>>> print(open('coords_19.csv').read())   # CSV, C-alpha atoms and all ligand atoms
chain,number,residue,atom,x,y,z
A,30,MET,CA,26.3,-97.4,-42.8
A,31,ASN,CA,24.9,-99.3,-39.8
A,32,ALA,CA,21.3,-99.1,-38.5
A,33,SER,CA,21.9,-96.4,-35.9
A,34,GLU,CA,23.8,-94.2,-38.3
A,35,ILE,CA,20.8,-94.4,-40.7
A,36,ILE,CA,18.4,-93.4,-37.9
A,37,LYS,CA,20.6,-90.5,-37.0
A,38,LEU,CA,20.8,-89.3,-40.6
A,39,LYS,CA,17.0,-89.7,-40.9
A,40,GLN,CA,16.5,-87.4,-37.9
A,41,THR,CA,18.8,-84.8,-39.4
A,42,GLY,CA,16.7,-85.1,-42.6
A,43,ILE,CA,13.4,-84.7,-40.8
A,44,GLN,CA,14.8,-81.5,-39.1
A,45,ALA,CA,15.8,-80.1,-42.5
A,46,ILE,CA,12.3,-80.8,-43.9
A,47,ALA,CA,10.7,-79.0,-41.0
A,48,ALA,CA,13.0,-76.1,-41.5
A,49,ALA,CA,12.4,-75.8,-45.2
A,50,GLY,CA,10.7,-72.5,-45.7
A,51,GLY,CA,9.5,-73.0,-49.3
A,52,GLU,CA,8.9,-75.5,-52.1
A,53,GLN,CA,12.4,-75.1,-53.5
A,54,GLU,CA,14.2,-75.6,-50.3
A,55,LEU,CA,12.0,-78.7,-49.6
A,56,GLU,CA,12.8,-80.1,-53.0
A,57,ALA,CA,16.5,-79.6,-52.4
A,58,VAL,CA,16.2,-81.6,-49.1
A,59,ARG,CA,14.4,-84.3,-51.0
A,60,VAL,CA,17.1,-84.6,-53.6
A,61,ALA,CA,19.8,-84.6,-51.0
A,62,TYR,CA,18.2,-87.5,-49.1
A,63,LEU,CA,16.1,-89.5,-51.5
A,64,GLY,CA,17.3,-88.3,-55.0
A,65,ARG,CA,19.4,-90.4,-57.4
A,66,LYS,CA,22.7,-89.2,-56.0
A,67,GLY,CA,21.4,-88.7,-52.5
A,68,HIS,CA,21.8,-90.6,-49.2
A,69,LEU,CA,19.3,-93.3,-49.8
A,70,PRO,CA,20.8,-94.8,-52.9
A,71,SER,CA,24.2,-94.8,-51.3
A,72,ILE,CA,22.8,-96.6,-48.2
A,73,MET,CA,21.3,-99.2,-50.5
A,74,LYS,CA,24.4,-99.6,-52.5
A,75,GLY,CA,26.5,-100.2,-49.4
A,76,LEU,CA,24.1,-102.8,-48.1
A,77,LYS,CA,25.8,-105.7,-49.8
A,78,ASP,CA,29.1,-104.9,-48.1
A,79,GLU,CA,27.6,-105.0,-44.6
A,80,ASP,CA,27.9,-108.0,-42.2
A,81,PRO,CA,25.2,-110.5,-43.4
A,82,ALA,CA,24.0,-110.8,-39.8
A,83,GLU,CA,23.1,-107.2,-39.7
A,84,ARG,CA,21.8,-106.8,-43.2
A,85,GLY,CA,18.2,-107.5,-42.3
A,86,GLU,CA,18.1,-104.8,-39.7
A,87,ILE,CA,19.9,-102.3,-41.9
A,88,GLY,CA,17.5,-103.0,-44.7
A,89,ARG,CA,14.5,-102.4,-42.4
A,90,GLU,CA,16.0,-99.1,-41.3
A,91,ALA,CA,16.8,-98.1,-44.9
A,92,ASN,CA,13.1,-98.7,-45.7
A,93,ALA,CA,12.0,-96.7,-42.7
A,94,PHE,CA,14.4,-94.0,-43.8
A,95,LYS,CA,12.7,-93.7,-47.1
A,96,ASN,CA,9.1,-93.9,-45.9
A,97,ASP,CA,9.5,-91.6,-43.0
A,98,LEU,CA,11.3,-88.9,-45.0
A,99,MET,CA,8.7,-89.2,-47.8
A,100,ASN,CA,5.9,-88.8,-45.4
A,101,ALA,CA,7.6,-85.9,-43.7
A,102,ILE,CA,8.2,-84.2,-47.1
A,103,ASN,CA,4.5,-84.7,-48.1
A,104,ALA,CA,3.3,-83.4,-44.8
A,105,ARG,CA,5.5,-80.3,-45.0
A,106,ARG,CA,4.5,-79.7,-48.6
A,107,THR,CA,0.8,-79.6,-47.6
A,108,GLU,CA,1.7,-77.3,-44.8
A,109,LEU,CA,3.5,-74.9,-47.1
A,110,GLU,CA,0.8,-75.0,-49.6
A,111,SER,CA,-1.8,-74.0,-47.0
A,112,GLY,CA,0.3,-71.0,-46.0
A,113,GLY,CA,2.7,-72.6,-43.6
A,114,THR,CA,2.6,-73.0,-39.9
A,115,GLU,CA,2.1,-70.2,-37.5
A,116,ALA,CA,5.9,-70.0,-37.1
A,117,ASP,CA,6.3,-69.6,-40.9
A,118,ALA,CA,3.8,-66.7,-40.8
A,119,LEU,CA,5.8,-64.8,-38.2
A,120,ASP,CA,6.8,-61.4,-39.4
A,121,HIS,CA,9.9,-60.6,-37.3
A,122,SER,CA,9.7,-56.9,-38.2
A,123,LEU,CA,6.3,-56.5,-36.4
A,124,PRO,CA,6.5,-54.8,-33.0
A,125,GLY,CA,6.4,-57.2,-30.1
A,126,GLN,CA,3.3,-58.0,-28.0
A,127,TRP,CA,2.7,-55.6,-25.2
A,128,HIS,CA,1.9,-57.1,-21.8
A,129,SER,CA,0.6,-54.4,-19.5
A,130,CYS,CA,2.3,-54.2,-16.1
A,131,GLY,CA,0.2,-54.9,-13.1
A,132,THR,CA,-0.4,-52.2,-10.5
A,133,LEU,CA,-0.2,-52.3,-6.7
A,134,HIS,CA,-3.6,-52.8,-5.1
A,135,PRO,CA,-4.8,-49.5,-3.4
A,136,VAL,CA,-4.7,-51.3,0.0
A,137,ASN,CA,-1.1,-52.3,-0.6
A,138,LEU,CA,-0.3,-48.8,-1.9
A,139,MET,CA,-1.7,-47.3,1.3
A,140,ILE,CA,0.2,-49.7,3.5
A,141,GLU,CA,3.4,-48.9,1.5
A,142,GLU,CA,2.8,-45.2,1.9
A,143,ILE,CA,2.1,-45.3,5.6
A,144,THR,CA,5.1,-47.6,6.1
A,145,GLN,CA,7.4,-45.2,4.3
A,146,ILE,CA,6.2,-42.3,6.3
A,147,PHE,CA,6.8,-44.0,9.7
A,148,ARG,CA,10.2,-45.4,8.5
A,149,ARG,CA,11.3,-41.7,8.2
A,150,LEU,CA,10.4,-41.3,11.9
A,151,GLY,CA,12.6,-44.3,12.8
A,152,PHE,CA,9.9,-47.0,13.0
A,153,THR,CA,10.6,-50.6,11.8
A,154,VAL,CA,8.0,-53.0,10.5
A,155,ALA,CA,6.8,-55.9,12.7
A,156,ASP,CA,4.7,-58.8,11.8
A,157,GLY,CA,2.4,-61.2,13.6
A,158,PRO,CA,0.2,-64.2,12.8
A,159,ASP,CA,-3.3,-63.9,11.4
A,160,ILE,CA,-4.3,-66.8,13.5
A,161,GLU,CA,-3.9,-65.6,17.0
A,162,THR,CA,-4.3,-66.8,20.5
A,163,GLU,CA,-7.1,-65.4,22.6
A,164,TYR,CA,-4.5,-64.3,25.0
A,165,HIS,CA,-2.6,-62.1,22.6
A,166,ASN,CA,-5.7,-60.7,20.8
A,167,PHE,CA,-7.6,-59.9,24.0
A,168,ASP,CA,-6.4,-60.8,27.5
A,169,ALA,CA,-2.9,-59.4,27.2
A,170,LEU,CA,-4.5,-56.2,25.8
A,171,ASN,CA,-6.4,-55.8,29.0
A,172,THR,CA,-9.6,-57.2,27.5
A,173,PRO,CA,-10.7,-60.2,29.7
A,174,SER,CA,-13.4,-62.5,28.4
A,175,ASP,CA,-16.2,-60.7,30.3
A,176,HIS,CA,-15.2,-57.3,28.8
A,177,PRO,CA,-18.0,-55.7,26.8
A,178,SER,CA,-15.6,-54.4,24.2
A,179,ARG,CA,-15.1,-58.0,23.0
A,180,ASP,CA,-18.7,-57.9,21.7
A,181,ILE,CA,-17.9,-55.5,18.8
A,182,GLN,CA,-14.9,-57.6,17.8
A,183,ASP,CA,-16.6,-61.0,17.4
A,184,THR,CA,-14.6,-63.1,15.0
A,185,PHE,CA,-13.9,-66.5,13.6
A,186,TRP,CA,-12.8,-69.0,16.1
A,187,LEU,CA,-11.0,-72.2,15.4
A,188,ASP,CA,-11.6,-75.5,17.1
A,189,SER,CA,-8.3,-75.2,18.8
A,190,GLY,CA,-9.4,-72.1,20.6
A,191,ALA,CA,-7.3,-69.9,18.4
A,192,LEU,CA,-9.0,-67.1,16.5
A,193,LEU,CA,-8.5,-64.9,13.4
A,194,ARG,CA,-7.2,-61.7,14.9
A,195,THR,CA,-9.7,-58.9,15.1
A,196,GLN,CA,-7.0,-56.2,15.2
A,197,THR,CA,-3.3,-55.8,14.7
A,198,SER,CA,-2.9,-54.8,18.3
A,199,PRO,CA,-1.7,-58.3,19.3
A,200,VAL,CA,1.5,-57.6,17.4
A,201,GLN,CA,2.3,-55.0,20.1
A,202,ILE,CA,2.2,-57.8,22.7
A,203,ARG,CA,4.4,-60.1,20.6
A,204,VAL,CA,7.0,-57.4,20.0
A,205,MET,CA,7.2,-56.4,23.6
A,206,GLU,CA,7.3,-60.0,24.7
A,207,SER,CA,10.3,-60.6,22.4
A,208,GLN,CA,12.5,-57.6,23.3
A,209,PRO,CA,13.2,-55.0,26.0
A,210,PRO,CA,12.3,-51.4,25.5
A,211,PRO,CA,12.7,-49.1,23.6
A,212,VAL,CA,10.2,-50.2,20.9
A,213,ARG,CA,9.3,-48.2,17.8
A,214,ILE,CA,7.3,-50.4,15.4
A,215,ILE,CA,4.4,-50.3,13.0
A,216,ALA,CA,2.6,-53.5,12.1
A,217,PRO,CA,0.5,-53.6,8.9
A,218,GLY,CA,-1.7,-56.6,8.4
A,219,ARG,CA,-5.0,-58.3,7.8
A,220,CYS,CA,-7.7,-58.5,10.4
A,221,TYR,CA,-11.0,-60.3,10.6
A,222,ARG,CA,-14.4,-59.7,12.2
A,223,ARG,CA,-17.8,-61.2,11.9
A,224,ASP,CA,-19.1,-58.1,10.2
A,225,THR,CA,-21.8,-58.2,7.6
A,226,THR,CA,-20.5,-56.7,4.4
A,227,ASP,CA,-21.8,-53.3,3.5
A,228,ALA,CA,-20.4,-50.1,2.0
A,229,THR,CA,-18.0,-49.5,4.9
A,230,HIS,CA,-17.6,-53.0,6.4
A,231,SER,CA,-15.9,-56.1,5.3
A,232,ALA,CA,-15.3,-59.3,7.2
A,233,ASN,CA,-11.6,-59.0,6.5
A,234,PHE,CA,-9.8,-55.8,6.3
A,235,HIS,CA,-6.4,-54.3,7.1
A,236,GLN,CA,-5.0,-52.2,9.9
A,237,VAL,CA,-1.7,-50.5,10.5
A,238,GLU,CA,-0.7,-50.7,14.2
A,239,GLY,CA,1.9,-48.4,15.7
A,240,LEU,CA,3.7,-48.6,19.0
A,241,TYR,CA,6.4,-46.4,20.5
A,242,VAL,CA,7.7,-47.2,24.0
A,243,ASP,CA,10.6,-45.5,25.7
A,244,GLN,CA,11.3,-43.4,28.7
A,245,GLY,CA,9.3,-40.2,28.6
A,246,VAL,CA,7.1,-40.8,25.6
A,247,SER,CA,4.0,-38.6,25.9
A,248,LEU,CA,0.7,-37.7,24.2
A,249,ALA,CA,2.6,-34.8,22.6
A,250,ASP,CA,4.8,-37.3,20.7
A,251,LEU,CA,1.6,-39.1,19.5
A,252,LYS,CA,0.1,-35.9,18.4
A,253,GLY,CA,3.3,-34.8,16.7
A,254,ASP,CA,3.9,-38.0,14.8
A,255,LEU,CA,0.2,-38.3,13.7
A,256,THR,CA,0.3,-34.7,12.5
A,257,TYR,CA,3.4,-35.6,10.5
A,258,LEU,CA,1.5,-38.5,9.0
A,259,ALA,CA,-1.5,-36.3,8.2
A,260,HIS,CA,0.7,-33.8,6.4
A,261,GLU,CA,2.6,-36.4,4.4
A,262,LEU,CA,-0.6,-38.3,3.4
A,263,MET,CA,-3.0,-35.5,2.8
A,264,GLY,CA,-1.0,-32.3,2.4
A,265,PRO,CA,0.6,-29.6,4.5
A,266,ASP,CA,-2.6,-27.8,5.6
A,267,VAL,CA,-4.3,-30.8,7.2
A,268,ARG,CA,-4.8,-30.4,11.0
A,269,LEU,CA,-5.2,-33.1,13.6
A,270,ARG,CA,-7.6,-33.3,16.5
A,271,PHE,CA,-8.0,-35.7,19.4
A,272,ARG,CA,-11.4,-36.6,20.9
A,273,PRO,CA,-11.6,-38.6,24.2
A,274,HIS,CA,-12.5,-42.2,23.7
A,275,PHE,CA,-12.1,-45.6,25.4
A,276,PHE,CA,-9.9,-48.6,24.5
A,277,PRO,CA,-9.1,-51.2,27.1
A,278,PHE,CA,-5.4,-51.2,26.3
A,279,THR,CA,-4.7,-47.4,26.3
A,280,GLU,CA,-5.2,-44.8,29.1
A,281,PRO,CA,-6.0,-42.1,28.2
A,282,SER,CA,-7.5,-43.1,24.9
A,283,VAL,CA,-8.4,-40.9,22.0
A,284,GLU,CA,-9.9,-41.0,18.6
A,285,TYR,CA,-8.3,-38.8,16.1
A,286,ASP,CA,-9.6,-36.9,13.1
A,287,PHE,CA,-7.9,-35.2,10.2
A,288,SER,CA,-9.3,-31.9,9.1
A,289,CYS,CA,-11.1,-32.5,5.8
A,290,HIS,CA,-8.7,-32.4,2.9
A,291,MET,CA,-11.5,-31.7,0.5
A,292,CYS,CA,-12.9,-28.5,2.0
A,293,GLY,CA,-10.1,-27.5,4.3
A,294,GLY,CA,-12.4,-27.8,7.3
A,295,ASP,CA,-15.3,-25.6,6.1
A,296,GLY,CA,-17.7,-28.6,5.7
A,297,CYS,CA,-18.6,-30.5,2.6
A,298,ARG,CA,-20.1,-33.8,1.5
A,299,THR,CA,-16.9,-35.8,2.1
A,300,CYS,CA,-16.8,-34.8,5.8
A,301,LYS,CA,-20.6,-34.7,6.2
A,302,ASN,CA,-20.3,-31.0,6.9
A,303,SER,CA,-18.3,-31.5,10.1
A,304,GLY,CA,-15.0,-30.3,8.7
A,305,TRP,CA,-13.3,-33.4,10.2
A,306,ILE,CA,-12.7,-36.9,9.0
A,307,GLU,CA,-12.5,-39.6,11.6
A,308,ILE,CA,-9.4,-41.7,11.2
A,309,SER,CA,-9.0,-44.1,14.1
A,310,GLY,CA,-8.0,-44.8,17.7
A,311,ALA,CA,-4.9,-44.3,19.7
A,312,GLY,CA,-3.7,-43.6,23.2
A,313,MET,CA,-1.0,-44.0,25.9
A,314,VAL,CA,-0.3,-47.7,26.5
A,315,ASP,CA,-2.1,-48.8,29.7
A,316,PRO,CA,0.2,-49.8,32.5
A,317,ARG,CA,-1.6,-53.1,32.8
A,318,VAL,CA,-0.4,-54.0,29.3
A,319,PHE,CA,3.2,-53.2,30.3
A,320,GLU,CA,2.8,-55.5,33.3
A,321,LYS,CA,1.6,-58.3,31.1
A,322,VAL,CA,4.7,-58.2,29.0
A,323,GLY,CA,7.1,-57.6,31.8
A,324,TYR,CA,7.9,-53.9,31.2
A,325,ASP,CA,8.1,-51.6,34.2
A,326,PRO,CA,5.3,-49.0,33.9
A,327,ASP,CA,7.2,-46.8,36.4
A,328,VAL,CA,10.1,-46.6,34.0
A,329,VAL,CA,8.6,-46.6,30.5
A,330,THR,CA,5.7,-45.0,28.8
A,331,GLY,CA,4.4,-45.4,25.3
A,332,TYR,CA,1.8,-44.5,22.8
A,333,ALA,CA,-0.1,-46.8,20.4
A,334,PHE,CA,-2.4,-46.3,17.5
A,335,GLY,CA,-4.3,-48.5,15.0
A,336,MET,CA,-5.8,-47.3,11.8
A,337,GLY,CA,-8.0,-49.0,9.2
A,338,VAL,CA,-6.2,-49.2,5.9
A,339,GLU,CA,-9.3,-49.5,3.7
A,340,ARG,CA,-10.7,-46.5,5.4
A,341,MET,CA,-7.6,-44.4,4.8
A,342,ALA,CA,-7.5,-45.6,1.1
A,343,MET,CA,-11.2,-44.7,0.7
A,344,ILE,CA,-10.6,-41.2,2.1
A,345,LYS,CA,-7.4,-40.6,0.1
A,346,TYR,CA,-8.6,-42.0,-3.2
A,347,GLY,CA,-12.2,-41.0,-2.9
A,348,VAL,CA,-13.6,-44.5,-3.0
A,349,GLN,CA,-17.3,-44.6,-2.0
A,350,ASP,CA,-17.7,-48.3,-1.3
A,351,ILE,CA,-15.3,-50.7,0.4
A,352,ARG,CA,-16.5,-53.5,-1.8
A,353,HIS,CA,-14.8,-52.0,-4.8
A,354,LEU,CA,-11.5,-52.9,-3.1
A,355,TYR,CA,-12.4,-56.6,-3.1
A,356,GLU,CA,-14.2,-57.2,-6.3
A,357,ASN,CA,-11.0,-57.5,-8.4
A,358,ASP,CA,-12.3,-55.4,-11.2
A,359,VAL,CA,-9.2,-54.3,-13.1
A,360,ARG,CA,-11.0,-51.3,-14.5
A,361,PHE,CA,-11.2,-50.0,-10.9
A,362,LEU,CA,-7.8,-51.4,-9.8
A,363,GLN,CA,-5.7,-50.1,-12.6
A,364,GLN,CA,-6.5,-46.5,-11.7
A,365,PHE,CA,-4.1,-46.6,-8.8
A,366,LYS,CA,-0.5,-46.3,-9.6
B,1,LIG,N1,-7.2,-52.0,17.8
B,1,LIG,C1,-8.2,-51.0,17.8
B,1,LIG,C2,-9.4,-51.4,17.0
B,1,LIG,O1,-9.3,-52.2,16.1
B,1,LIG,C3,-7.6,-49.7,17.3
B,1,LIG,C4,-6.6,-49.1,18.2
B,1,LIG,C5,-7.0,-48.2,19.1
B,1,LIG,C6,-5.3,-49.5,18.2
B,1,LIG,C7,-6.1,-47.6,20.0
B,1,LIG,C8,-4.4,-49.0,19.1
B,1,LIG,C9,-4.8,-48.1,20.0
B,1,LIG,O2,-3.1,-49.4,19.2
B,1,LIG,O3,-3.9,-47.5,20.9
B,1,LIG,O4,-10.5,-50.8,17.1
>>> encode(input="coords_19.csv", output="structure tokens", more="lines below")
Ligand code: DAH
Amino acid sequence: MNASEIIKLKQTGIQAIAAAGGEQELEAVRVAYLGRKGHLPSIMKGLKDEDPAERGEIGREANAFKNDLMNAINARRTELESGGTEADALDHSLPGQWHSCGTLHPVNLMIEEITQIFRRLGFTVADGPDIETEYHNFDALNTPSDHPSRDIQDTFWLDSGALLRTQTSPVQIRVMESQPPPVRIIAPGRCYRRDTTDATHSANFHQVEGLYVDQGVSLADLKGDLTYLAHELMGPDVRLRFRPHFFPFTEPSVEYDFSCHMCGGDGCRTCKNSGWIEISGAGMVDPRVFEKVGYDPDVVTGYAFGMGVERMAMIKYGVQDIRHLYENDVRFLQQFK
């Protein structure tokens, strides 16, 4: 047997030793490899017939064969005496370990639900960058740099002059820049503002933007679609109301409320006794916005809306403090499935 055959045989022996599940099995391996009629004596016996030039090396490997196997047997014996390795202690009849499945974050659940509702109305999902140009976030939305409404949307500016978007409304611009009308999209995503964190504010939060542009789109379409949203989200009895408001990129602009799903509109703690829950802003796309993106405001009209996802989730799931949504406490998060 030459040196490399001895090494190979030794490795097979070491594997057999490791696999021996008890003292008897181990002893059988020992006898087979090192016993009087085992492999080692036959290696030694054959030594004299080998090429003299190789005998030295074969002899060394034969010694290593013996020593390494003996050491392995002793080590395995100690292991078995002390109860075996962890693998030996495995009881294959025990039930497997249970790894609990994660759950969707309530913010993602809310986005998913709103998305599904608008999909049923024929909307597709559009996306835009979190790092926006000043043009897309403000100017193209009819909000020039001296416009006072920029003040309430102060954000994080980058050295390049780009900014972290304060709203998902710039996605409206990007979509209209990239395709002719008609447009029917929603755009869920993350937004940023330099707000100090409190129970209802967070420096980053999420919005779902909506935009529907075609010939003859009216405020009635907006009201109809948002009413459908209210029913799907909160139940068939919820009503919708518009209040006049101002946004630079819509004319007319509204804020819209859902009738309180807790008290049905009679007044309770959830709606601060008003019977209504403020949802967010919307309106008819301002002709100036159409001009910026090259749409003809004499031909098309459109509605737009934007809603705060955290706010919707807090209303729907009865969450009192927005910070719960960002503390990553699984006891809180796993309640939402
Ligand atoms: N982007 C507005 C905000 O963050 C919300 C909004 C109002 C979006 C009216 C709209 C809209 O699309 O038409 O306050």
>>> atom_distance(input="coords_19.csv", atom1="CA of Ala57 (chain A)", atom2="CA of Leu98 (chain A)")
13.0 Å
>>> atom_distance(input="coords_19.csv", atom1="CA of Val322 (chain A)", atom2="CA of Pro209 (chain A)")
9.6 Å
>>> residues_near_ligand(input="coords_19.csv", ligand="ligand LIG 1 (chain B)", cutoff="8 Å", atoms="all atoms listed in the file", output="ChimeraX atom specification")
/A:182,195-198,201,236,238-240,276,278-279,282-284,309-314,332-337
>>> closest_residue(input="coords_19.csv", among="A:His230, A:Arg148, A:His235, A:Arg340", to="Arg352 (chain A)", atoms="only C-alpha atoms")
A:His230
>>> atom_distance(input="coords_19.csv", atom1="CA of Gln44 (chain A)", atom2="CA of Lys74 (chain A)")
24.5 Å
>>> residues_around(input="coords_19.csv", residues="Glu339 (chain A)", least_positions_apart="5", cutoff="10 Å", atoms="all atoms listed in the file", output="MDAnalysis selection string")
chainID A and resid 135:137 139:140 229:231 234:236 344:345 348 350:352 354
>>> closest_residue(input="coords_19.csv", among="A:Gly42, A:Gly190, A:Gly88, A:Gly50", to="Gly67 (chain A)", atoms="only C-alpha atoms")
A:Gly42
>>> residues_near_point(input="coords_19.csv", point="(-7.1, -55.7, 30.0)", cutoff="8 Å", atoms="all atoms listed in the file", output="VMD selection string")
chain A and resid 167 to 173 277 to 278 317 to 318
>>> residues_near_point(input="coords_19.csv", point="(0.6, -59.8, 24.2)", cutoff="6 Å", atoms="all atoms listed in the file", output="list in words")
His165, Ala169, Pro199, Ile202 and Arg203 of chain A
>>> build_atoms(input="coords_19.csv", residues="region 99-107 of chain A", atoms="all heavy atoms", output="PDB file, in the frame of the given file")
ATOM      1  N   MET A  99       9.759 -89.541 -46.834  1.00  0.00           N
ATOM      2  CA  MET A  99       8.700 -89.200 -47.800  1.00  0.00           C
ATOM      3  C   MET A  99       7.487 -88.647 -47.162  1.00  0.00           C
ATOM      4  O   MET A  99       6.914 -87.646 -47.614  1.00  0.00           O
ATOM      5  CB  MET A  99       8.399 -90.436 -48.691  1.00  0.00           C
ATOM      6  CG  MET A  99       9.272 -90.445 -49.936  1.00  0.00           C
ATOM      7  SD  MET A  99       9.156 -91.869 -51.011  1.00  0.00           S
ATOM      8  CE  MET A  99       7.562 -92.516 -50.836  1.00  0.00           C
ATOM      9  N   ASN A 100       7.091 -89.306 -46.092  1.00  0.00           N
ATOM     10  CA  ASN A 100       5.900 -88.800 -45.400  1.00  0.00           C
ATOM     11  C   ASN A 100       6.119 -87.402 -44.855  1.00  0.00           C
ATOM     12  O   ASN A 100       5.244 -86.539 -44.962  1.00  0.00           O
ATOM     13  CB  ASN A 100       5.565 -89.742 -44.206  1.00  0.00           C
ATOM     14  CG  ASN A 100       5.003 -91.055 -44.696  1.00  0.00           C
ATOM     15  OD1 ASN A 100       4.513 -91.132 -45.836  1.00  0.00           O
ATOM     16  ND2 ASN A 100       5.089 -92.102 -43.873  1.00  0.00           N
ATOM     17  N   ALA A 101       7.306 -87.197 -44.302  1.00  0.00           N
ATOM     18  CA  ALA A 101       7.600 -85.900 -43.700  1.00  0.00           C
ATOM     19  C   ALA A 101       7.578 -84.808 -44.844  1.00  0.00           C
ATOM     20  O   ALA A 101       7.067 -83.694 -44.649  1.00  0.00           O
ATOM     21  CB  ALA A 101       8.925 -85.882 -43.020  1.00  0.00           C
ATOM     22  N   ILE A 102       8.147 -85.172 -46.009  1.00  0.00           N
ATOM     23  CA  ILE A 102       8.200 -84.200 -47.100  1.00  0.00           C
ATOM     24  C   ILE A 102       6.753 -83.887 -47.581  1.00  0.00           C
ATOM     25  O   ILE A 102       6.389 -82.714 -47.758  1.00  0.00           O
ATOM     26  CB  ILE A 102       9.011 -84.773 -48.290  1.00  0.00           C
ATOM     27  CG1 ILE A 102      10.499 -84.752 -47.914  1.00  0.00           C
ATOM     28  CG2 ILE A 102       8.781 -83.960 -49.565  1.00  0.00           C
ATOM     29  CD1 ILE A 102      11.402 -85.523 -48.855  1.00  0.00           C
ATOM     30  N   ASN A 103       5.917 -84.936 -47.694  1.00  0.00           N
ATOM     31  CA  ASN A 103       4.500 -84.700 -48.100  1.00  0.00           C
ATOM     32  C   ASN A 103       3.779 -83.818 -47.136  1.00  0.00           C
ATOM     33  O   ASN A 103       3.057 -82.895 -47.521  1.00  0.00           O
ATOM     34  CB  ASN A 103       3.805 -86.029 -48.343  1.00  0.00           C
ATOM     35  CG  ASN A 103       4.361 -86.743 -49.576  1.00  0.00           C
ATOM     36  OD1 ASN A 103       4.903 -86.090 -50.469  1.00  0.00           O
ATOM     37  ND2 ASN A 103       4.248 -88.063 -49.619  1.00  0.00           N
ATOM     38  N   ALA A 104       3.978 -84.142 -45.861  1.00  0.00           N
ATOM     39  CA  ALA A 104       3.300 -83.400 -44.800  1.00  0.00           C
ATOM     40  C   ALA A 104       3.698 -81.903 -44.877  1.00  0.00           C
ATOM     41  O   ALA A 104       2.882 -80.977 -44.800  1.00  0.00           O
ATOM     42  CB  ALA A 104       3.509 -83.964 -43.457  1.00  0.00           C
ATOM     43  N   ARG A 105       5.032 -81.708 -45.026  1.00  0.00           N
ATOM     44  CA  ARG A 105       5.500 -80.300 -45.000  1.00  0.00           C
ATOM     45  C   ARG A 105       5.051 -79.586 -46.285  1.00  0.00           C
ATOM     46  O   ARG A 105       4.746 -78.395 -46.222  1.00  0.00           O
ATOM     47  CB  ARG A 105       7.077 -80.368 -45.017  1.00  0.00           C
ATOM     48  CG  ARG A 105       7.743 -79.009 -45.003  1.00  0.00           C
ATOM     49  CD  ARG A 105       7.397 -78.229 -43.734  1.00  0.00           C
ATOM     50  NE  ARG A 105       8.004 -76.886 -43.746  1.00  0.00           N
ATOM     51  CZ  ARG A 105       7.517 -75.848 -43.077  1.00  0.00           C
ATOM     52  NH1 ARG A 105       6.422 -75.990 -42.365  1.00  0.00           N
ATOM     53  NH2 ARG A 105       8.123 -74.689 -43.129  1.00  0.00           N
ATOM     54  N   ARG A 106       4.944 -80.335 -47.390  1.00  0.00           N
ATOM     55  CA  ARG A 106       4.500 -79.700 -48.600  1.00  0.00           C
ATOM     56  C   ARG A 106       3.037 -79.192 -48.426  1.00  0.00           C
ATOM     57  O   ARG A 106       2.712 -78.044 -48.760  1.00  0.00           O
ATOM     58  CB  ARG A 106       4.552 -80.672 -49.790  1.00  0.00           C
ATOM     59  CG  ARG A 106       4.112 -80.058 -51.115  1.00  0.00           C
ATOM     60  CD  ARG A 106       4.479 -80.937 -52.297  1.00  0.00           C
ATOM     61  NE  ARG A 106       5.920 -81.064 -52.469  1.00  0.00           N
ATOM     62  CZ  ARG A 106       6.556 -82.227 -52.651  1.00  0.00           C
ATOM     63  NH1 ARG A 106       5.892 -83.370 -52.664  1.00  0.00           N
ATOM     64  NH2 ARG A 106       7.854 -82.241 -52.824  1.00  0.00           N
ATOM     65  N   THR A 107       2.194 -80.052 -47.851  1.00  0.00           N
ATOM     66  CA  THR A 107       0.800 -79.600 -47.600  1.00  0.00           C
ATOM     67  C   THR A 107       0.780 -78.404 -46.703  1.00  0.00           C
ATOM     68  O   THR A 107       0.020 -77.455 -46.943  1.00  0.00           O
ATOM     69  CB  THR A 107       0.031 -80.785 -46.896  1.00  0.00           C
ATOM     70  OG1 THR A 107       0.375 -82.001 -47.528  1.00  0.00           O
ATOM     71  CG2 THR A 107      -1.455 -80.560 -46.931  1.00  0.00           C
TER      72      THR A 107
END
